[in-house]
Amino acid sequence: MSQEKLLTLIQRPVITEKAAIATETANQYVFRVAGDATKPEIKAAVEAVFPVQVESVRVLNVKGKTKRTRTGMGRRSDWKKAYVQLVSGQQIDYTDTL
């Protein structure tokens, strides 16, 4: 897999209260990833961008919400979220890399 594709797979970290709890309790980090990304690709991308070892990857497809607008009903885009669990003793600092 090319280095360019690996760098574009991870779009941004998801920083929510639920993601913070997962980081503190299970050493899991949550990222918004490309829609066509697979688990092995996400693992390779995280290990390429951050100096860590990935233990496991869980992927979740988030369905876009339907919203009412002034002109009728609209819909937000679907997106993919990845829960990345690191080997114990390792961590990611978002401020250094992203």
# chains A, B, ... in the order shown; residues from 1 in each chain; ligands from 1
$ residues_around --residues "Phe50 of chain A" --least-positions-apart "3" --cutoff "9 Å" --atoms "only C-alpha atoms" --output "ChimeraX atom specification"
/A:45-47,53,92-93,97
$ write_last_selection --atoms "all heavy atoms" --output "mmCIF file, in the first residue's frame"
data_model
loop_
_atom_site.group_PDB
_atom_site.id
_atom_site.type_symbol
_atom_site.label_atom_id
_atom_site.label_comp_id
_atom_site.auth_asym_id
_atom_site.auth_seq_id
_atom_site.Cartn_x
_atom_site.Cartn_y
_atom_site.Cartn_z
ATOM 1 N N ALA A 45 -2.006 2.473 8.939
ATOM 2 C CA ALA A 45 -1.974 3.938 8.906
ATOM 3 C C ALA A 45 -1.657 4.516 10.281
ATOM 4 O O ALA A 45 -0.858 5.456 10.396
ATOM 5 C CB ALA A 45 -3.313 4.481 8.400
ATOM 6 N N VAL A 46 -2.267 3.972 11.332
ATOM 7 C CA VAL A 46 -1.998 4.476 12.682
ATOM 8 C C VAL A 46 -0.545 4.220 13.067
ATOM 9 O O VAL A 46 0.126 5.083 13.633
ATOM 10 C CB VAL A 46 -2.973 3.843 13.710
ATOM 11 C CG1 VAL A 46 -2.556 4.164 15.135
ATOM 12 C CG2 VAL A 46 -4.384 4.334 13.459
ATOM 13 N N GLU A 47 -0.043 3.043 12.722
ATOM 14 C CA GLU A 47 1.348 2.725 13.045
ATOM 15 C C GLU A 47 2.326 3.553 12.215
ATOM 16 O O GLU A 47 3.446 3.801 12.647
ATOM 17 C CB GLU A 47 1.608 1.233 12.859
ATOM 18 C CG GLU A 47 0.929 0.390 13.924
ATOM 19 C CD GLU A 47 1.091 -1.101 13.720
ATOM 20 O OE1 GLU A 47 1.525 -1.519 12.625
ATOM 21 O OE2 GLU A 47 0.781 -1.852 14.656
ATOM 22 N N GLN A 53 2.245 0.722 18.593
ATOM 23 C CA GLN A 53 1.845 -0.584 18.086
ATOM 24 C C GLN A 53 0.361 -0.776 18.372
ATOM 25 O O GLN A 53 -0.088 -0.571 19.501
ATOM 26 C CB GLN A 53 2.644 -1.693 18.744
ATOM 27 C CG GLN A 53 4.097 -1.722 18.357
ATOM 28 C CD GLN A 53 4.823 -2.855 19.052
ATOM 29 O OE1 GLN A 53 4.293 -3.503 19.949
ATOM 30 N NE2 GLN A 53 6.044 -3.106 18.626
ATOM 31 N N ILE A 92 -1.092 7.967 22.536
ATOM 32 C CA ILE A 92 -0.993 8.904 21.419
ATOM 33 C C ILE A 92 -1.233 10.301 21.944
ATOM 34 O O ILE A 92 -2.175 10.545 22.695
ATOM 35 C CB ILE A 92 -2.026 8.565 20.326
ATOM 36 C CG1 ILE A 92 -1.713 7.215 19.682
ATOM 37 C CG2 ILE A 92 -2.063 9.651 19.273
ATOM 38 C CD1 ILE A 92 -2.735 6.752 18.678
ATOM 39 N N ASP A 93 -0.394 11.244 21.542
ATOM 40 C CA ASP A 93 -0.577 12.649 21.873
ATOM 41 C C ASP A 93 -1.000 13.359 20.594
ATOM 42 O O ASP A 93 -0.212 13.477 19.655
ATOM 43 C CB ASP A 93 0.718 13.250 22.436
ATOM 44 C CG ASP A 93 0.514 14.655 22.940
ATOM 45 O OD1 ASP A 93 -0.652 15.066 23.117
ATOM 46 O OD2 ASP A 93 1.524 15.338 23.157
ATOM 47 N N THR A 97 1.135 15.494 16.447
ATOM 48 C CA THR A 97 1.118 15.007 15.082
ATOM 49 C C THR A 97 0.019 15.586 14.230
ATOM 50 O O THR A 97 0.253 15.951 13.096
ATOM 51 C CB THR A 97 0.966 13.470 15.104
ATOM 52 O OG1 THR A 97 1.709 12.962 16.191
ATOM 53 C CG2 THR A 97 1.521 12.872 13.848
#
$ residues_around --residues "segment 12-28 of chain A" --least-positions-apart "6" --cutoff "7 Å" --atoms "only C-alpha atoms" --output "PyMOL selection string"
chain A and resi 83-86
$ write_last_selection --atoms "all heavy atoms" --output "JSON list (two decimals), in the first residue's frame"
[["chain", "number", "residue", "atom", "x", "y", "z"],
["A", 83, "TYR", "N", -12.25, 2.50, 16.25],
["A", 83, "TYR", "CA", -11.74, 2.41, 17.61],
["A", 83, "TYR", "C", -10.44, 1.61, 17.55],
["A", 83, "TYR", "O", -10.45, 0.43, 17.21],
["A", 83, "TYR", "CB", -12.74, 1.69, 18.53],
["A", 83, "TYR", "CG", -13.95, 2.51, 18.89],
["A", 83, "TYR", "CD1", -15.08, 2.52, 18.08],
["A", 83, "TYR", "CD2", -13.97, 3.26, 20.04],
["A", 83, "TYR", "CE1", -16.19, 3.27, 18.42],
["A", 83, "TYR", "CE2", -15.08, 4.02, 20.39],
["A", 83, "TYR", "CZ", -16.18, 4.01, 19.57],
["A", 83, "TYR", "OH", -17.28, 4.75, 19.91],
["A", 84, "VAL", "N", -9.33, 2.25, 17.87],
["A", 84, "VAL", "CA", -8.02, 1.63, 17.78],
["A", 84, "VAL", "C", -7.50, 1.39, 19.19],
["A", 84, "VAL", "O", -7.33, 2.34, 19.96],
["A", 84, "VAL", "CB", -7.04, 2.54, 17.00],
["A", 84, "VAL", "CG1", -5.67, 1.93, 16.95],
["A", 84, "VAL", "CG2", -7.57, 2.81, 15.60],
["A", 85, "GLN", "N", -7.25, 0.12, 19.53],
["A", 85, "GLN", "CA", -6.72, -0.21, 20.84],
["A", 85, "GLN", "C", -5.22, -0.44, 20.71],
["A", 85, "GLN", "O", -4.76, -1.21, 19.87],
["A", 85, "GLN", "CB", -7.38, -1.46, 21.42],
["A", 85, "GLN", "CG", -6.91, -1.76, 22.82],
["A", 85, "GLN", "CD", -7.74, -2.83, 23.49],
["A", 85, "GLN", "OE1", -8.64, -3.39, 22.90],
["A", 85, "GLN", "NE2", -7.45, -3.10, 24.75],
["A", 86, "LEU", "N", -4.46, 0.24, 21.57],
["A", 86, "LEU", "CA", -3.01, 0.15, 21.53],
["A", 86, "LEU", "C", -2.51, -0.90, 22.51],
["A", 86, "LEU", "O", -3.22, -1.29, 23.43],
["A", 86, "LEU", "CB", -2.40, 1.51, 21.88],
["A", 86, "LEU", "CG", -2.79, 2.69, 21.01],
["A", 86, "LEU", "CD1", -2.08, 3.94, 21.48],
["A", 86, "LEU", "CD2", -2.50, 2.43, 19.55]]
$ closest_residue --among "A:Thr66, A:Thr8, A:Thr71, A:Asn61" --to "Ile42 of chain A" --atoms "only C-alpha atoms"
A:Thr8
$ select_by_dssp --residues "chain A" --states "helix (DSSP H, G or I)" --output "ChimeraX atom specification"
/A:3-9,17-26,39-49,94-97
$ residues_around --residues "Ala82 of chain A" --least-positions-apart "4" --cutoff "10 Å" --atoms "only C-alpha atoms" --output "PyMOL selection string"
chain A and resi 10+13-14+28-34+37-39+42-43+57-61
$ write_last_selection --atoms "N, CA and C atoms" --output "short mmCIF file (atom, residue, chain, number, x, y, z; two decimals), in the first residue's frame"
data_model
loop_
_atom_site.label_atom_id
_atom_site.label_comp_id
_atom_site.auth_asym_id
_atom_site.auth_seq_id
_atom_site.Cartn_x
_atom_site.Cartn_y
_atom_site.Cartn_z
N ILE A 10 -6.63 8.27 7.78
CA ILE A 10 -7.04 8.87 9.05
C ILE A 10 -7.36 10.33 8.78
N PRO A 13 -9.05 12.88 14.64
CA PRO A 13 -9.49 12.18 15.85
C PRO A 13 -10.89 12.64 16.24
N VAL A 14 -11.64 11.73 16.83
CA VAL A 14 -12.97 12.05 17.34
C VAL A 14 -12.79 12.36 18.82
N GLN A 28 -8.04 2.94 24.22
CA GLN A 28 -8.55 2.99 22.86
C GLN A 28 -8.62 4.43 22.41
N TYR A 29 -8.29 4.64 21.14
CA TYR A 29 -8.37 5.97 20.54
C TYR A 29 -9.35 5.90 19.38
N VAL A 30 -10.11 6.98 19.18
CA VAL A 30 -11.17 6.99 18.19
C VAL A 30 -10.79 7.96 17.08
N PHE A 31 -10.90 7.49 15.82
CA PHE A 31 -10.57 8.31 14.66
C PHE A 31 -11.69 8.27 13.64
N ARG A 32 -11.87 9.36 12.94
CA ARG A 32 -12.73 9.38 11.77
C ARG A 32 -11.85 8.97 10.60
N VAL A 33 -12.27 7.95 9.84
CA VAL A 33 -11.44 7.41 8.78
C VAL A 33 -12.19 7.46 7.45
N ALA A 34 -11.47 7.19 6.38
CA ALA A 34 -12.07 7.18 5.04
C ALA A 34 -13.12 6.07 4.96
N ALA A 37 -11.93 2.45 4.01
CA ALA A 37 -10.80 1.91 4.77
C ALA A 37 -11.16 0.57 5.40
N THR A 38 -10.19 -0.34 5.43
CA THR A 38 -10.37 -1.65 6.06
C THR A 38 -9.57 -1.69 7.36
N LYS A 39 -9.80 -2.70 8.18
CA LYS A 39 -9.11 -2.81 9.46
C LYS A 39 -7.58 -2.91 9.29
N ILE A 42 -6.27 0.55 8.37
CA ILE A 42 -6.32 1.50 9.49
C ILE A 42 -5.18 1.21 10.46
N LYS A 43 -4.93 -0.06 10.72
CA LYS A 43 -3.84 -0.44 11.62
C LYS A 43 -2.50 0.03 11.06
N VAL A 57 -8.38 -3.28 16.06
CA VAL A 57 -9.14 -2.20 15.43
C VAL A 57 -10.59 -2.65 15.32
N ARG A 58 -11.50 -1.78 15.76
CA ARG A 58 -12.94 -2.00 15.56
C ARG A 58 -13.46 -0.87 14.71
N VAL A 59 -14.33 -1.19 13.75
CA VAL A 59 -14.83 -0.20 12.79
C VAL A 59 -16.33 -0.09 12.94
N LEU A 60 -16.82 1.15 12.83
CA LEU A 60 -18.24 1.43 12.99
C LEU A 60 -18.66 2.39 11.89
N ASN A 61 -19.74 2.05 11.17
CA ASN A 61 -20.30 2.95 10.17
C ASN A 61 -21.37 3.81 10.84
#
$ atom_distance --atom1 "atom CA of Ser88 of chain A" --atom2 "atom CA of Ser2 of chain A"
28.3 Å
$ select_by_dssp --residues "segment 8-86 of chain A" --states "strand (DSSP E or B)" --output "MDAnalysis selection string"
chainID A and resid 10:13 28:33 54:62 66:69 72:75 79:86
$ closest_residue --among "A:Met73, A:Val54, A:Ala44, A:Val62" --to "Gln91 of chain A" --atoms "only C-alpha atoms"
A:Val54
$ residues_around --residues "Ala48 of chain A" --least-positions-apart "6" --cutoff "9 Å" --atoms "only C-alpha atoms" --output "list in words"
Gln3, Leu6 and Leu7 of chain A
$ write_last_selection --atoms "C-alpha atoms" --output "mmCIF file, in the first residue's frame"
data_model
loop_
_atom_site.group_PDB
_atom_site.id
_atom_site.type_symbol
_atom_site.label_atom_id
_atom_site.label_comp_id
_atom_site.auth_asym_id
_atom_site.auth_seq_id
_atom_site.Cartn_x
_atom_site.Cartn_y
_atom_site.Cartn_z
ATOM 1 C CA GLN A 3 2.417 5.883 1.801
ATOM 2 C CA LEU A 6 -1.969 5.525 4.446
ATOM 3 C CA LEU A 7 -1.653 9.199 5.339
#
$ residues_around --residues "Lys67 of chain A" --least-positions-apart "5" --cutoff "12 Å" --atoms "only C-alpha atoms" --output "ChimeraX atom specification"
/A:72-77
$ atom_distance --atom1 "atom CA of Lys63 of chain A" --atom2 "atom CA of Gly35 of chain A"
11.6 Å
$ closest_residue --among "A:Pro51, A:Ser56, A:Gly64, A:Glu4" --to "Lys80 of chain A" --atoms "only C-alpha atoms"
A:Gly64
$ atom_distance --atom1 "atom CA of Glu41 of chain A" --atom2 "atom CA of Lys81 of chain A"
13.4 Å
